[in-house]
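*Asks:* Take this structure, written in structure tokens, and hold onto it; I'll ask about it next.
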There are 2 protein chains.
Amino acid sequence: MPSRVPSPGPTPATDRAAAPLAAPADPRGAPGALLAPVPLRAAELTGGPLAEVRRRNREVTLETIYRRCEGCGAIDNLRRAGGLLAGDPVADFQGQYYADSDVHKWLEAACWQLAEDPDDARLRERIDTVVTVLEAAQDEDGYLNSYFVNERAARRWTNIRDEHEMYCGGHLVQAAVAHFRATGERRLLAVAIRFAAHVWSVFGPGRRPGADGHPEYETALVELYRATGDEAYLEQALWFVEQHGAEPRAIGGRDYHLDHAPLAEQREVVGHAVRALYLYTGATDVVTEVPERTGPLGEAVTALWRDFADRKRYVTGGAGSRHEGEAFGARWELGDERAYAESCASVAHFQWAWRMFLRTGAGEFRDAMEEVLHNGLLSGIGLDGEEFFYVNPLADNGGHRRSPWFGTACCPPNLARLVASLPSYAFATDADTLWTLLLAEGRVRAEVAGGTLELAVSTAYPWEGAVSIEVVNAPEGACGIALPAPGWASAPAGWAVDGAEVEGEAADGFTVLRRVWRAGEVLTGTYPLPVRPLAAHPWVRAARGRIALTRGPLVFCLEQADHEGFDVRDVAVRSDGAWEVEPRPELLGGTVVLRGTGLARPAPAPDAPLYRPADEPEPAAERVALTAVPYRLWANREAGPMQVWLPVASADGA
Amino acid sequence: MPSRVPSPGPTPATDRAAAPLAAPADPRGAPGALLAPVPLRAAELTGGPLAEVRRRNREVTLETIYRRCEGCGAIDNLRRAGGLLAGDPVADFQGQYYADSDVHKWLEAACWQLAEDPDDARLRERIDTVVTVLEAAQDEDGYLNSYFVNERAARRWTNIRDEHEMYCGGHLVQAAVAHFRATGERRLLAVAIRFAAHVWSVFGPGRRPGADGHPEYETALVELYRATGDEAYLEQALWFVEQHGAEPRAIGGRDYHLDHAPLAEQREVVGHAVRALYLYTGATDVVTEVPERTGPLGEAVTALWRDFADRKRYVTGGAGSRHEGEAFGARWELGDERAYAESCASVAHFQWAWRMFLRTGAGEFRDAMEEVLHNGLLSGIGLDGEEFFYVNPLADNGGHRRSPWFGTACCPPNLARLVASLPSYAFATDADTLWTLLLAEGRVRAEVAGGTLELAVSTAYPWEGAVSIEVVNAPEGACGIALPAPGWASAPAGWAVDGAEVEGEAADGFTVLRRVWRAGEVLTGTYPLPVRPLAAHPWVRAARGRIALTRGPLVFCLEQADHEGFDVRDVAVRSDGAWEVEPRPELLGGTVVLRGTGLARPAPAPDAPLYRPADEPEPAAERVALTAVPYRLWANREAGPMQVWLPVASADGA
């Protein structure tokens, strides 16, 4: 498969600040970037599950999270710190010392939503309210964190390993960049700039050393550079990335904080999963901007991705197998019932994969984005849009349910900001080609090959494989439309223009159709979506002798709610069993299910012994009908056992 | 199987203090006890693995732990608190705030050892030294904890949920009881009495409420009652047990501390495994002493045992499946590679099972003692006697090794005190029968049926099943010799006296041979010890489709050190495979191994994908020779993968 020829970005780096791009990252023109995202509003997702998730995010989740940020006192903390609310900011502080970050993430989410709905007056008012609160809460010296104020101000920056000041600051900067990119206003950007100047007055070469104990600030600094054009922030980002594992070890040298070795020398994905993935994301940003100065770091990021993808990633895209330390486990340690797979780690996985894709154009990264999104990321949000998973296990006995909020509430607003900005992740461009990353009913308009290419996509993907793309507008000259050739597909889809087969160019994980397009032409193709049982590496103990049902990008599970008369924990399936795909528009907001058969043993007696001779005859298994639902949709009905990895029945039926 | 007729204990409760019994618990004469232990020195273990463990404990481990208690500063903490060493007890304090407990547990272990070797002058001197230190470290008001002194004295009893003052005190009291029972001296007992008086001046009805956040003090108080005859301690023990879950919730009401409900109402084994098992142990002691006042608590203890044994106990006897919270997981949540199964939890399991046995005489509890001892308890001590496991997983990739010491060093001295007192756990008596709990080469002398019954046991158990018991002395009248009829045996052993078959009475888990015994008679029998593969309850996800090899009380594992040319993680076995028992006197200090065959796939390539289509052909498996070693002995050679639960090969050999 030939590699795609690199194309320069459409806009030089120095111009980015002048022409902001409404997307979470803007690598246009970076020497290490092959592709650039398409801004919000230039892309729409109008149908299918992603559109539905976005509708709920807009109508329910953003409002819900705002109210919970008010209800739990996180916004009032900032109001008191800024003198906008009576009370003692220290004595009356509510929640965790990093509660500000929930407000920042809500604000980022709201800004991306506003970019799509600029006429939403209520949302704009809410945003203005919070921006005003943040302006007030900022100290004269630029510091901003509502916890470390008054008598606690002396504690500022005294424990950067544990106290999340840079983490909160990173989310502040990201919110500010989102606000600027969504509205063109510089009010909050000015707050971020003052904050960054303050940080850099404390830390830096010749000043204090120090890696951020909870990474996030690094990737935020790169975006601040991209939004302002001020290269100082890029230098700062590189410095902070390189502080991990540098001498002196300002944060203690533990792998939990990714401080056990210089990041450029790290080759195994370890430590706190969210911290690790955020740091890799920031490192990828830096490598994208200054590849010539960050060769070993670029090799590290590539090797770390390899380790993650080949040894430490759940089939759902989840990351982090241990509750203790919220950590990656050992290689192939991917237990299912106690999987941690934090929703925030899925968001970080998605964001890292996207940056790796924009850097390389390799289809593996697009596949990863799609897989984590449709499985272990969106599983974090209930169908009501109001309840959330922090932890996303791959098997459960019925006790794990979504919650309205958490003492540490990082996940809900993190999911919301990802969902709000989803269209900007769905497409990308290089000089002459429009790349589709996320297939969904919708529209996209992008500048390529010196003109505007506008497409209207019709599809019921991922439920069905047929895709029909109408060319609404096209440049005069030739340009490319690149469509995914996913790794999960046994063969790429074939494509036709107005019914006539066209030959595409095979790129890495894509099919590129390059020609002079005419408005009104319709490009059609179909992704075959057979049910595709997967087996895991034999050293994944939780999956040994088991299969996971997948179809296209979706991972399915057996949930008790679909079964009566037996317990899904007593089921085994044939590895070569036939599974029928059944659309169920009335179920779980509309889905397809997989229907097949399995063998169910009678449920063990309540006093069944824990261990028994292996040669004792087992109760005969009965053939039963099984219904598998997408993993993303589980735990939206009555509680009961669930499992992704299904035991394979032995040939004699046991 | 008929129940054994209860027999009254040999000694009235009030006499116990006058005639101390050298054993960790002395329920003689308690209304709820059917049996009493045999004191140290009345029982000897002279051959076989238990004797070998005890030899190492005596020659190496006790000395090693003493030196480490000196090396880590735990004894010096107490010296400084008592003014015997210059320095600031607060500023110079080393280790955790519960470091005293390591010293107390070493002291208890040393006292039990001294009971066996009263002429060991060096050991006696060490003991005297530490007793003197403890006397000095005790405050005038009876308080004793070297952490909460001087300016930290104001913190005493301010956080009984987390700060382990009663836990440390419980181990102090246990050491004092051991010192008294081993030496007859009352110096340390006086310290314990003063400490208990102090505690009861702070807590109690009409004073402060409060359950112990880390139970241990309850069982210690019962033993203090038994050692002194002062019923006040029994009342205190009952009060502290009943504080768990009582209003007001002085320690927060979390299940982690067993405070979520009154213990008498608890039916599921939850929370921190060691804390839970210590509390159940203390509750069992109380129920044994005052069954008429503790009916519901007795029912709770019985139900909790049932839940533990049937749903939450590892096949190795380990307890606690979660690293996070060192906790029991959900029912049937018994993951292998991340099993916590703390060595201290195995000690607690053993101690609880023993008390349940003395209370009921039911063989299930004896079986549990034997199984945890020979597997997940003694696995905590390396063959060098100098390195220890804190965590005892049932599968490993080669990274888990024993350590010389730990920041929290609870396990090494806990293992040492158990091993030092092992002979007193090995036999028990009722009025007319001597019960053997732990089969091993050795001798025992006990008063039964108005006379002395003395036996010399010859056996290579658990390596071989043959047992020969010579009657050295016997009472004039009839008395019983009760021998285990273990639950793991398909049929009880048959017994013969001087070669002539004798019919035993089947009790619950025992065969009782009751007759007029004559000195010189030899009782022989043989436990059949076939290899017995076990399967687990189907909801134990880590064991589904797998078997564990057992033989007699021993659980075996595959360790990489015995295999070349393939990785033990790539092995599957037939559930009906033949396993040959091979004595290996030169291996691992002398053991038997199981030799059989399995199917090994080639090790996956280093870049093997994490997930692949389930219908992809797998590399052909080769028939390989396998050697399984006792789980207790793993990790004493070069590091490498290990697993207890072995995948069962499907009928087609995959």
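By order in the structure tokens, chains are A, B, ...; within a chain, residues start at 1; ligands start at 1, following the order shown.
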So that I can check the surroundings of Glu337 (chain B), please list as a PyMOL selection string every protein, DNA and RNA residue that reaches within 9 Å of it, counting only C-alpha atoms and ignoring chain neighbours fewer than 5 positions away.
*Replies:* (chain A and resi 333+335+541) or (chain B and resi 393-397+542+643)
*Asks:* Which residues of chain B sit at most 9 Å from chain A, using only C-alpha atoms? Give each one's shortest atom pair and distance in Å (one decimal place), in chain and ascending residue order, as JSON lines.
*Replies:*
{"residue": "B:Arg306", "atom": "CA", "partner": "A:Asp607", "partner_atom": "CA", "distance": 8.9}
{"residue": "B:Ala309", "atom": "CA", "partner": "A:Leu610", "partner_atom": "CA", "distance": 7.4}
{"residue": "B:Asp310", "atom": "CA", "partner": "A:Leu610", "partner_atom": "CA", "distance": 4.9}
{"residue": "B:Arg311", "atom": "CA", "partner": "A:Leu610", "partner_atom": "CA", "distance": 6.0}
{"residue": "B:Lys312", "atom": "CA", "partner": "A:Leu610", "partner_atom": "CA", "distance": 8.2}
{"residue": "B:Arg313", "atom": "CA", "partner": "A:Leu610", "partner_atom": "CA", "distance": 8.0}
{"residue": "B:Tyr314", "atom": "CA", "partner": "A:Leu610", "partner_atom": "CA", "distance": 8.8}
{"residue": "B:Val315", "atom": "CA", "partner": "A:Tyr611", "partner_atom": "CA", "distance": 7.3}
{"residue": "B:Arg322", "atom": "CA", "partner": "A:Glu324", "partner_atom": "CA", "distance": 8.7}
{"residue": "B:His323", "atom": "CA", "partner": "A:Glu324", "partner_atom": "CA", "distance": 6.4}
{"residue": "B:Glu324", "atom": "CA", "partner": "A:Glu324", "partner_atom": "CA", "distance": 5.0}
{"residue": "B:Gly325", "atom": "CA", "partner": "A:Glu324", "partner_atom": "CA", "distance": 8.4}
{"residue": "B:Ala330", "atom": "CA", "partner": "A:Asn397", "partner_atom": "CA", "distance": 8.4}
{"residue": "B:Arg331", "atom": "CA", "partner": "A:Asn397", "partner_atom": "CA", "distance": 8.9}
{"residue": "B:Trp332", "atom": "CA", "partner": "A:Leu610", "partner_atom": "CA", "distance": 8.1}
{"residue": "B:Glu333", "atom": "CA", "partner": "A:Glu337", "partner_atom": "CA", "distance": 7.9}
{"residue": "B:Gly335", "atom": "CA", "partner": "A:Gly335", "partner_atom": "CA", "distance": 7.9}
{"residue": "B:Asp336", "atom": "CA", "partner": "A:Arg541", "partner_atom": "CA", "distance": 8.8}
{"residue": "B:Glu337", "atom": "CA", "partner": "A:Glu333", "partner_atom": "CA", "distance": 8.0}
{"residue": "B:Arg338", "atom": "CA", "partner": "A:Gly335", "partner_atom": "CA", "distance": 8.6}
{"residue": "B:Asn397", "atom": "CA", "partner": "A:Ala330", "partner_atom": "CA", "distance": 8.4}
{"residue": "B:Trp488", "atom": "CA", "partner": "A:Pro613", "partner_atom": "CA", "distance": 9.0}
{"residue": "B:Arg532", "atom": "CA", "partner": "A:Pro613", "partner_atom": "CA", "distance": 6.6}
{"residue": "B:Pro533", "atom": "CA", "partner": "A:Ala614", "partner_atom": "CA", "distance": 5.4}
{"residue": "B:Leu534", "atom": "CA", "partner": "A:Pro613", "partner_atom": "CA", "distance": 4.4}
{"residue": "B:Ala535", "atom": "CA", "partner": "A:Ala614", "partner_atom": "CA", "distance": 4.6}
{"residue": "B:Ala536", "atom": "CA", "partner": "A:Tyr611", "partner_atom": "CA", "distance": 4.4}
{"residue": "B:His537", "atom": "CA", "partner": "A:Leu610", "partner_atom": "CA", "distance": 4.9}
{"residue": "B:Pro538", "atom": "CA", "partner": "A:Asp570", "partner_atom": "CA", "distance": 6.9}
{"residue": "B:Trp539", "atom": "CA", "partner": "A:Arg569", "partner_atom": "CA", "distance": 6.3}
{"residue": "B:Val540", "atom": "CA", "partner": "A:Leu610", "partner_atom": "CA", "distance": 8.4}
{"residue": "B:Arg541", "atom": "CA", "partner": "A:Ala542", "partner_atom": "CA", "distance": 7.3}
{"residue": "B:Ala542", "atom": "CA", "partner": "A:Ala542", "partner_atom": "CA", "distance": 6.3}
{"residue": "B:Arg544", "atom": "CA", "partner": "A:Pro647", "partner_atom": "CA", "distance": 7.9}
{"residue": "B:Gly545", "atom": "CA", "partner": "A:Gly545", "partner_atom": "CA", "distance": 7.1}
{"residue": "B:Ile547", "atom": "CA", "partner": "A:Ala614", "partner_atom": "CA", "distance": 6.7}
{"residue": "B:Ala548", "atom": "CA", "partner": "A:Ala614", "partner_atom": "CA", "distance": 8.6}
{"residue": "B:Arg569", "atom": "CA", "partner": "A:Trp539", "partner_atom": "CA", "distance": 6.3}
{"residue": "B:Asp570", "atom": "CA", "partner": "A:Pro538", "partner_atom": "CA", "distance": 6.9}
{"residue": "B:Ser575", "atom": "CA", "partner": "A:Ala614", "partner_atom": "CA", "distance": 6.8}
{"residue": "B:Asp576", "atom": "CA", "partner": "A:Asp615", "partner_atom": "CA", "distance": 7.2}
{"residue": "B:Ala603", "atom": "CA", "partner": "A:Pro538", "partner_atom": "CA", "distance": 8.9}
{"residue": "B:Pro604", "atom": "CA", "partner": "A:Pro538", "partner_atom": "CA", "distance": 7.7}
{"residue": "B:Asp607", "atom": "CA", "partner": "A:Asp310", "partner_atom": "CA", "distance": 7.2}
{"residue": "B:Ala608", "atom": "CA", "partner": "A:Asp310", "partner_atom": "CA", "distance": 7.3}
{"residue": "B:Pro609", "atom": "CA", "partner": "A:Asp310", "partner_atom": "CA", "distance": 5.5}
{"residue": "B:Leu610", "atom": "CA", "partner": "A:His537", "partner_atom": "CA", "distance": 4.9}
{"residue": "B:Tyr611", "atom": "CA", "partner": "A:Ala536", "partner_atom": "CA", "distance": 4.4}
{"residue": "B:Arg612", "atom": "CA", "partner": "A:Leu534", "partner_atom": "CA", "distance": 5.4}
{"residue": "B:Pro613", "atom": "CA", "partner": "A:Leu534", "partner_atom": "CA", "distance": 4.5}
{"residue": "B:Ala614", "atom": "CA", "partner": "A:Leu534", "partner_atom": "CA", "distance": 4.6}
{"residue": "B:Asp615", "atom": "CA", "partner": "A:Asp576", "partner_atom": "CA", "distance": 7.2}
{"residue": "B:Glu616", "atom": "CA", "partner": "A:Ala535", "partner_atom": "CA", "distance": 9.0}
{"residue": "B:Pro647", "atom": "CA", "partner": "A:Gly545", "partner_atom": "CA", "distance": 7.9}
{"residue": "B:Val648", "atom": "CA", "partner": "A:Gly545", "partner_atom": "CA", "distance": 8.9}
{"residue": "B:Ala649", "atom": "CA", "partner": "A:Ser650", "partner_atom": "CA", "distance": 8.9}
{"residue": "B:Ser650", "atom": "CA", "partner": "A:Ser650", "partner_atom": "CA", "distance": 5.6}
{"residue": "B:Ala651", "atom": "CA", "partner": "A:Ala651", "partner_atom": "CA", "distance": 6.5}
{"residue": "B:Asp652", "atom": "CA", "partner": "A:Ala651", "partner_atom": "CA", "distance": 7.6}
*Asks:* Running DSSP on the backbone, which parts of region 373-607 of chain A land in alpha helix (DSSP H), as an MDAnalysis selection string?
*Replies:* chainID A and resid 411:420 422:426
*Asks:* If we count only C-alpha atoms, what is near Asn375 (chain A) at a cut-off of 7 Å, once residues fewer than 6 positions away on the same chain are taken out, given as a list in words?
*Replies:* Thr316, Gly317, Leu554, Val555, Tyr631 and Arg632 of chain A
*Asks:* I need the chosen residues saved as a PDB file, in the first residue's frame, with N, CA and C atoms.
*Replies:*
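Output (out_32.pdb):
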ATOM      1  N   THR A 316     -12.485  -2.064  23.773  1.00  0.00           N
ATOM      2  CA  THR A 316     -13.424  -0.940  23.720  1.00  0.00           C
ATOM      3  C   THR A 316     -12.732   0.401  23.517  1.00  0.00           C
ATOM      4  N   GLY A 317     -11.412   0.389  23.463  1.00  0.00           N
ATOM      5  CA  GLY A 317     -10.660   1.637  23.408  1.00  0.00           C
ATOM      6  C   GLY A 317     -10.338   2.189  24.790  1.00  0.00           C
ATOM      7  N   LEU A 554     -18.026  -1.149  16.053  1.00  0.00           N
ATOM      8  CA  LEU A 554     -18.762  -1.362  17.311  1.00  0.00           C
ATOM      9  C   LEU A 554     -18.371  -2.662  17.998  1.00  0.00           C
ATOM     10  N   VAL A 555     -18.192  -2.565  19.306  1.00  0.00           N
ATOM     11  CA  VAL A 555     -18.031  -3.732  20.166  1.00  0.00           C
ATOM     12  C   VAL A 555     -19.370  -3.976  20.844  1.00  0.00           C
ATOM     13  N   TYR A 631     -21.810  -2.077  23.157  1.00  0.00           N
ATOM     14  CA  TYR A 631     -21.268  -1.814  24.494  1.00  0.00           C
ATOM     15  C   TYR A 631     -21.592  -0.400  24.963  1.00  0.00           C
ATOM     16  N   ARG A 632     -21.527   0.542  24.047  1.00  0.00           N
ATOM     17  CA  ARG A 632     -21.782   1.940  24.403  1.00  0.00           C
ATOM     18  C   ARG A 632     -23.125   2.142  25.087  1.00  0.00           C
TER      19      ARG A 632
END
*Asks:* For each of A:Ala273, A:Arg54, A:Ala22, A:Ile469, take the minimum atom-to-atom distance to Glu342 (chain A), counting only C-alpha atoms, then give the residue where this is smallest.
*Replies:* A:Ala273
*Asks:* Measure the distance from CA of Arg443 (chain A) to CA of Ala178 (chain A) in Å and round it to one decimal.
*Replies:*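 Computed distance, CA of Arg443 (chain A) to CA of Ala178 (chain A), equals 22.2 Å.
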*Asks:* Would you mind telling me which residue in B:Pro24, B:Leu78, B:Ala250, B:Arg161 lies nearest to Ala176 (chain B) when using only C-alpha atoms?
*Replies:*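 Of all the options, B:Pro24 lies closest to Ala176 (chain B).
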*Asks:* Which residues, written as a PyMOL selection string, have at least one atom at most 10 Å from region 224-236 of chain A, with only C-alpha atoms counted and residues fewer than 6 positions away on the same chain left out?
*Replies:* chain A and resi 13-21+25-28+30+170+173-174+176-178+180-181+189+192-193+196-197+199-200+203-205+217-218+242+285-286+289-290
